[in-house]
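Trainee: Quick one: the structure is below, and I'll ask about it shortly.
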Amino acid sequence: MLFSLPDPDTLYQALLARDDRYDGQAFVCVASTGIFCRLTCPARKPLRENCTFHGTVAECIAAGFRPCKRCHPMAPAAGADPAIAALLAALEADPAHRWSEGEIAARGFDPSTVRRAFRRQYGMTFLELARQRRLREGFEVIATGGPVIAAQLEAGFSAPSAFRAAFARLLGVAPGRLDAEASLRASWIATPLGDMIAVASRSHLHLLEFTGRKALPAELRRLHQGTAGGIGLGRFAPHEQAEAELADFFAGRSARFATPLHQPGSAFAQSVWAALCEIPAGETRSYAEIAAAIGRPSATRAVARANGANQIALMVPCHRVIGADGSLTGYGGGLWRKQRLLEFERAYRTA
């Protein structure tokens, strides 16, 4: 589905026209609202720079977007399965409710059948979908300065320990350990490809990752443990600069990033990251080409490891490195994001 979608500009025109030819085959994610919609949604149309398009509901959910309450993009799959329809309606009625397989069974549905149905339609189980919905609500409370207890209640966790554990699994640090006065602070940055976590000091950006990256909790935990005072929540000037530059990037205005970065690493890793920054937007390089560029032609595997260890997504463009055969290869933010980024950056190549 990822490769068969029309280009984003065509899909945006379809969105403006409410063209039903793509209904169920393409969905729009709107960064300014955090929701995803069908292209036929009757709601007011978003600006082009706030839109990104996916071929499946699962990709939209994985990017951190919620379904629209006007066009109900999950409804077609729900309509084909009474269990999905009933459970989604219950989730919408009470997003903060903490679900269990016992409750699913009590409603007359077989839990294993429900698991398979949701995975087939949405790429995750119903319990995972419900948990993600609850956690996002809680994180938004904390991100806007609310107390942990308010975030816990907003997320529907009756036990503080359960909320702390869920928070720590996703971000690598328990919410109570995030000191508002810490020298490093974490903040959310919304993009058309999903939310990003940015960690910065007063002078430099230390980490920029998509929230779905599997390595993110471990990366944040290492930063927290290796920094006097740990990590807090809040914003410094590098957060604001990074957010503005990312907005320009996704709006097609500029692929240049000048936010000061702090990336400790070996001399070899530093040389790889510097070489990544030399790849123009709209172009790609293989691991072997990067190895040759830094004068280490036999170090292809080491280049790949350094590429994977990069903690500054987009600004240090590890997504521009592909396999020698032209394949996308791995990307911590998800191959669908890598594909979208490369497609998007073609406009910079021709500009």
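Letters for chains follow the order of the structure tokens (A, B, ...), residue numbers begin at 1 for each chain, and ligand numbers begin at 1 in the order shown.
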Quick one: residues within 9 Å of His239 (chain A), only C-alpha atoms counted, chain neighbours fewer than 4 positions away excluded, as a list in words?
Mentor: Ala186, Ser187, Ile189, Ala198, Val199, Ala200, Ser201, His204, Leu205, Arg235, Glu243, Ala244 and Thr259 of chain A
Trainee: Could you name the residues that touch Pro73 (chain A) at 7 Å or less, counting only C-alpha atoms, but leaving out those on the same chain fewer than 5 positions away, as a PyMOL selection string?
Mentor: chain A and resi 37-38+67-68
Trainee: Pick out the residues sitting within 9 Å of Leu88 (chain A), and hand them over as a PDB file with N, CA and C atoms, in the first residue's frame; count only C-alpha atoms, and ignore anything fewer than 5 positions along from it in its own chain.
Mentor:
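This went into selection08.pdb:
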```pdb
ATOM      1  N   MET A  74     -12.098   4.704  11.101  1.00  0.00           N
ATOM      2  CA  MET A  74     -12.021   3.289  11.457  1.00  0.00           C
ATOM      3  C   MET A  74     -13.354   2.574  11.239  1.00  0.00           C
ATOM      4  N   ALA A  75     -14.361   3.295  10.842  1.00  0.00           N
ATOM      5  CA  ALA A  75     -15.707   2.719  10.724  1.00  0.00           C
ATOM      6  C   ALA A  75     -15.849   1.644   9.656  1.00  0.00           C
ATOM      7  N   ALA A  78     -14.800  -1.485  11.099  1.00  0.00           N
ATOM      8  CA  ALA A  78     -15.704  -1.800  12.206  1.00  0.00           C
ATOM      9  C   ALA A  78     -17.035  -2.324  11.684  1.00  0.00           C
ATOM     10  N   ALA A  83     -17.720  -7.184  16.465  1.00  0.00           N
ATOM     11  CA  ALA A  83     -16.888  -7.066  17.665  1.00  0.00           C
ATOM     12  C   ALA A  83     -16.069  -5.787  17.630  1.00  0.00           C
ATOM     13  N   ALA A  93     -16.779   6.083  23.830  1.00  0.00           N
ATOM     14  CA  ALA A  93     -17.656   6.581  24.892  1.00  0.00           C
ATOM     15  C   ALA A  93     -16.899   6.853  26.184  1.00  0.00           C
ATOM     16  N   PHE A 126      -6.759  -4.549  20.411  1.00  0.00           N
ATOM     17  CA  PHE A 126      -7.657  -3.563  21.006  1.00  0.00           C
ATOM     18  C   PHE A 126      -7.086  -3.030  22.315  1.00  0.00           C
TER      19      PHE A 126
END
```
Trainee: Between A:Ala182, A:Ala251, A:Arg320, A:Asp19, which is the closest to His224 (chain A) once you count only C-alpha atoms?
Mentor: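 Nearest candidate to His224 (chain A) out of A:Ala182, A:Ala251, A:Arg320, A:Asp19: A:Ala182.
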Trainee: Determine, counting only C-alpha atoms, which protein, DNA and RNA residues have an atom within 10 Å of an atom of Lys338 (chain A); residues of the same chain fewer than 5 positions away are not included. Present the result as a list in words.
Mentor: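 Residues near the query, excluding close chain neighbours: Leu314, Cys318, His319, Arg320, Val321, Ile322, Leu328, Thr329, Gly330, Tyr331, Gly332, Gly333, Glu343 and Phe344 of chain A.
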Trainee: With a distance cut-off of 8 Å and only C-alpha atoms, select the neighbouring residues of Arg18 (chain A), excluding the residue or stretch itself and same-chain residues fewer than 6 positions from it, and output the selection as a VMD selection string.
Mentor: chain A and resid 39 to 42
Trainee: Determine which residues of region 16-148 of chain A receive a DSSP assignment of helix (DSSP H, G or I), computed from the backbone, and state them as an MDAnalysis selection string.
Mentor: chainID A and resid 16:17 20:22 48:50 57:62 75:79 82:93 101:106 111:122 126:143 148
Trainee: Could you give me, as a list in words, the residues within 12 Å of Phe250 (chain A), counting only C-alpha atoms and dropping anything in the same chain fewer than 4 positions from it?
Mentor: Ala31, Leu47, Arg48, Glu49, Asn50, Cys51, Thr52, Ala190, Thr191, Pro192, Leu193, Gly194, Glu243, Ala244, Glu245, Leu246, Ser254, Ala255, Arg256, Leu314, Arg340, Leu341, Glu343, Phe344, Glu345, Ala347 and Tyr348 of chain A
Trainee: List every residue of region 52-88 of chain A that DSSP, applied to the backbone of this structure, places in strand (DSSP E), and write the result as a list in words.
Mentor: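 Across region 52-88 of chain A, those assigned strand (DSSP E) are Thr52, Phe53, His54, Arg66 and Pro67 of chain A.
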Trainee: Please write the residues from the selection above to a file, keeping N, CA and C atoms, as a PDB file, in the first residue's frame.
Mentor:
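Just written: result.pdb:
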```pdb
ATOM      1  N   THR A  52       0.019  14.835   6.216  1.00  0.00           N
ATOM      2  CA  THR A  52       0.784  13.734   5.650  1.00  0.00           C
ATOM      3  C   THR A  52      -0.203  12.603   5.411  1.00  0.00           C
ATOM      4  N   PHE A  53       0.129  11.710   4.498  1.00  0.00           N
ATOM      5  CA  PHE A  53      -0.837  10.708   4.051  1.00  0.00           C
ATOM      6  C   PHE A  53      -0.293   9.295   4.266  1.00  0.00           C
ATOM      7  N   HIS A  54      -1.185   8.393   4.676  1.00  0.00           N
ATOM      8  CA  HIS A  54      -0.824   6.996   4.901  1.00  0.00           C
ATOM      9  C   HIS A  54      -1.841   6.094   4.225  1.00  0.00           C
ATOM     10  N   ARG A  66      -5.097  10.366  16.418  1.00  0.00           N
ATOM     11  CA  ARG A  66      -6.379   9.829  16.870  1.00  0.00           C
ATOM     12  C   ARG A  66      -7.395   9.883  15.736  1.00  0.00           C
ATOM     13  N   PRO A  67      -8.346   8.970  15.703  1.00  0.00           N
ATOM     14  CA  PRO A  67      -9.363   9.002  14.637  1.00  0.00           C
ATOM     15  C   PRO A  67     -10.305  10.186  14.780  1.00  0.00           C
TER      16      PRO A  67
END
```
Trainee: Show me, as a tab-separated table, the residues of region 289-330 of chain A having an atom within 9 Å of region 261-268 of chain A, each with the closest atom pair and its distance in Å, using only C-alpha atoms.
Mentor:
```
residue	atom	partner	partner_atom	distance
A:Ile294	CA	A:Phe268	CA	8.8
A:Ala302	CA	A:Phe268	CA	8.7
A:Val303	CA	A:Phe268	CA	8.5
A:Ala306	CA	A:Phe268	CA	8.1
A:Asn310	CA	A:Gln263	CA	8.3
A:Gln311	CA	A:Gln263	CA	7.8
A:Ile312	CA	A:Gln263	CA	8.1
```
Trainee: With N, CA and C atoms kept, could you save the residues just selected as a PDB file, in the first residue's frame?
Mentor:
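Dumped everything to result.pdb:
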```pdb
ATOM      1  N   ILE A 294      34.400   8.906   4.191  1.00  0.00           N
ATOM      2  CA  ILE A 294      35.158   9.228   5.407  1.00  0.00           C
ATOM      3  C   ILE A 294      36.534   8.564   5.410  1.00  0.00           C
ATOM      4  N   ALA A 302      30.492  -0.884  10.325  1.00  0.00           N
ATOM      5  CA  ALA A 302      30.637   0.096  11.393  1.00  0.00           C
ATOM      6  C   ALA A 302      29.871   1.378  11.060  1.00  0.00           C
ATOM      7  N   VAL A 303      29.846   1.742   9.792  1.00  0.00           N
ATOM      8  CA  VAL A 303      29.063   2.902   9.361  1.00  0.00           C
ATOM      9  C   VAL A 303      27.582   2.665   9.647  1.00  0.00           C
ATOM     10  N   ALA A 306      26.947   3.139  13.353  1.00  0.00           N
ATOM     11  CA  ALA A 306      26.968   4.550  13.727  1.00  0.00           C
ATOM     12  C   ALA A 306      25.706   5.254  13.219  1.00  0.00           C
ATOM     13  N   ASN A 310      22.581   7.226  15.703  1.00  0.00           N
ATOM     14  CA  ASN A 310      22.257   8.650  15.621  1.00  0.00           C
ATOM     15  C   ASN A 310      20.984   8.955  16.421  1.00  0.00           C
ATOM     16  N   GLN A 311      21.048   9.948  17.306  1.00  0.00           N
ATOM     17  CA  GLN A 311      19.904  10.315  18.136  1.00  0.00           C
ATOM     18  C   GLN A 311      19.268  11.639  17.737  1.00  0.00           C
ATOM     19  N   ILE A 312      19.688  12.182  16.596  1.00  0.00           N
ATOM     20  CA  ILE A 312      19.106  13.438  16.115  1.00  0.00           C
ATOM     21  C   ILE A 312      18.469  13.156  14.760  1.00  0.00           C
TER      22      ILE A 312
END
```
Trainee: If you count only C-alpha atoms, which residues fall within 12 Å of Arg119 (chain A), apart from same-chain ones fewer than 6 positions away, as a CSV table (one decimal) with C-alpha atoms, in the first residue's frame?
Mentor:
```csv
chain,number,residue,atom,x,y,z
A,57,VAL,CA,-5.2,3.1,9.7
A,58,ALA,CA,-2.4,1.2,11.5
A,77,ALA,CA,-13.4,-2.0,9.2
A,84,ILE,CA,-14.7,-4.3,16.3
A,112,SER,CA,-8.2,-14.3,20.9
A,113,THR,CA,-10.6,-13.7,18.0
A,125,THR,CA,-4.7,-5.3,19.5
A,126,PHE,CA,-7.7,-3.6,21.0
A,127,LEU,CA,-5.9,-3.5,24.4
A,128,GLU,CA,-2.8,-1.9,22.8
A,129,LEU,CA,-5.0,0.7,21.0
```
Trainee: Please report the interatomic distance between CA of Ala324 (chain A) and CA of Ala63 (chain A) in Å with one decimal.
Mentor: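 Computing the Euclidean distance for CA of Ala324 (chain A) and CA of Ala63 (chain A) yields 28.1 Å.
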